[in-house]
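Student: Once you've had a glance at the structure underneath, I'll fire off some questions.
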Amino acid sequence: MSEKKRRAGAAATAASASKKPRVSSAASYAESLRSKLRPDASILSTLRALATAASKSKPPAAGSNTITAEDDLSAKNYIVVADQDSTSVTSRINRLVLAAARSILSGEGFSFAVPSRAASNQVYLPDLDRIVLLRRESARPFANVATARKATVTARVLSLVHAVLRRGIHVTKRDLFYTDVKLFGDQAQSDAVLDDVSCMLGCTRSSLHVVASEKGVVVGRLTFADDGDRIDCTRMGVGGKAIPPNIDRVSGIESDALFILLVEKDAAFMRLAEDRFYNRFPCIILTAKGQPDVATRLFLRRLKVELKLPVLALVDSDPYGLKILSVYMCGSKNMSYDSANLTTPDIKWLGVRPSDLDKYRVPEQCRLPMTDHDIKVGKELLEEDFVKQNEGWVKELETMLRTRQKAEIQALSSFGFQYLTEVYLPLKLQQQDWI
């Protein structure tokens with residue numbers, strides 16, 4: 001072969017090689033983290049230590065009748081509602097109606113004393129680490145043009161709740177709305193008055209036997225009885241078991257899990273379920289598929305209280321992920337009157353955190369620019385007292401606002417569809433990398 005042909009062949013080979021796709025440095029680095037993983041037995045040892053520490057803590061049981069110093073203070077300063085049986089709730093409704101009847105017969109008309117749920121009346125108490133509703137009331141008289149309709153709606157809701165309790169059944173908030181569409185106008189109004197009624201009666205909303213439609217799901221190392229039917233959450237497939245809206249009918253909770261993994265989104269939940277992550281690392285996985293509903297919050301708290309397991313959270317790296325996490329931990333203003341029963345303190349923020357984007361070299365094309373509204377929400381979060389209490393949260397939020405970047409959990413899929421379950425989460429657990 002001539003020298004000219006040899007050079008041409010070498011040039012062609014070089015050109016062909018240059019056309020082969022190159023593995024990006026980010027992907028190479030992400031894959032290199034796999035080699036840092038220790039054997040599962042070592043990670044499980046770390047998780048057992050975490051579970052042992054959590055089992056020694058004693059969170060207060062929701063709805064406890066034990067009188068404590070906190071309860072004594074709450075009786076004067078803020079509202080605390082509790083789970084009550086049907087007989088107790090119907091008796092309270094009867095007393096309210098009898099008082100209204102006496103007032104009407106005496107010629108004074110009737111008025112409801114309703115706890116004020118205005119935003120200014122909902123505050124965060126650092127000592128309790130949750131949002132509470134201050135004990136202030138406003139009158140809702142029927143004889144006043146401004147409040148006549150609201151008083152009528154309140155009376156109607158009391159009547160419907162009384163009927164439901166007498167029958168011993170549960171109905172959804174949507175069912176309640178459709179009993180008198182013309183009066184309620186839209187469901188937001190009947191829902192708001194339902195919360196007012198809970199405050200007035202001093203009971204949880206679930207005690208009224210009015211529930212929201214199923215939203216949250218759970219899968220993993222958990223068994224429980226749902227209205228007498230035994231449920232094994234390891235046999236629920238990829239979709240998981242819907243969290244029952246009637247939490248009062250859940251009993252016999254058992255688990256050999258080492259932790260609870262709280263997931264923000266359904267997509268991440270499905271990946272964890274399909275990969276049977278709970279078999280490799282014994283855990284209970286649950287999600288409310290976004291903004292947490294009451295049933296999921298109640299269920300999470302009950303698992304935490306009864307099983308005494310640590311709770312780790314996996315949310316998007318954006319202001320809304322942190323807001324969702326804060327609702328689980330210290331409550332929402334809308335349900336501040338029931339925060340003692342709905343909050344789960346000491347949830348550890350596992351990921352995806354703003355600092356993870358650089359730490360795991362998430363590609364730029366998988367990061368999203370924060371909108372002006374995102375930045376506004378992030379700055380508002382920095383001003384919240386419950387955020388200021390946690391230095392780690394403050395640093396992560398400041399990082400997010402400085403870089404003006406956000407990312408979803410699914411950004412990790414750029415390294416492989418199973419990178420979340422095979423590398424990211426195991427490494428996080430191994431390094432105990434949570435806040």
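Residue numbering restarts at 1 in every chain; chains get A, B, ... in the order shown in the structure tokens, and ligands count up from 1 in that same order.
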Would you pick out the contacts of segment 327-331 of chain A at 8 Å or less, using only C-alpha atoms, so that residues sharing its chain but fewer than 4 positions from it are not included, and give the list as a count of residues only?

Tutor: 16

Student: What lies within 9 Å of segment 35-46 of chain A using only C-alpha atoms, ignoring chain neighbours under 5 positions off, as a list in words?

Tutor: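 Listed by chain and then number, they are Ala51, Leu258, Arg280, Phe281, Pro282, Val423, Pro426, Leu427, Leu429, Gln430, Gln431 and Gln432 of chain A.
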
Student: Counting only C-alpha atoms, which residue out of A:Phe110, A:Val153, A:Pro115, A:Gly240 sits closest to Thr179 of chain A?

Tutor: A:Val153

Student: So which residues of segment 30-238 of chain A fall under strand (DSSP E or B) by DSSP, listed as an MDAnalysis selection string?

Tutor: chainID A and resid 78:79 82 111:115 122:125 130:134 137:141 171:172 203 210:211 217:220 223:226 229:232

Student: Which residues, written as a ChimeraX atom specification, have at least one atom at most 10 Å from Lys304 of chain A, with only C-alpha atoms counted and residues fewer than 4 positions away on the same chain left out?

Tutor: /A:54-55,59,61,259-260,298-300,308-311,344-345,347

Student: Identify, on the basis of only C-alpha atoms, every residue whose closest approach to Ala119 of chain A does not exceed 10 Å; exclude the query and any residue fewer than 5 positions from it along the same chain; express the result as an NGL selection string.

Tutor: :A and (133 or 333-334 or 336)

Student: Mind checking which residues fall within 9 Å of Thr403 of chain A, counting only C-alpha atoms, ignoring those fewer than 3 positions away in the same chain, and posting them as a compact mmCIF listing (two decimals) with C-alpha atoms, in the first residue's frame?

Tutor:
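Dumped everything to selection23.txt:
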# COMPACT_ATOMS: atom_id res chain seq x y z
CA PRO A 354 -30.38 23.34 45.46
CA PRO A 369 -34.68 29.29 35.23
CA MET A 370 -36.73 30.60 38.14
CA GLU A 398 -30.20 31.48 49.47
CA THR A 399 -28.34 29.20 47.04
CA MET A 400 -31.50 28.79 44.98
CA LYS A 406 -34.62 25.16 39.97

Student: Counting only C-alpha atoms, which residue out of A:Met236, A:Ile93, A:Val197, A:Leu98 sits closest to Lys150 of chain A?

Tutor: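 Checking each candidate against Lys150 of chain A, we get A:Val197 as the closest.
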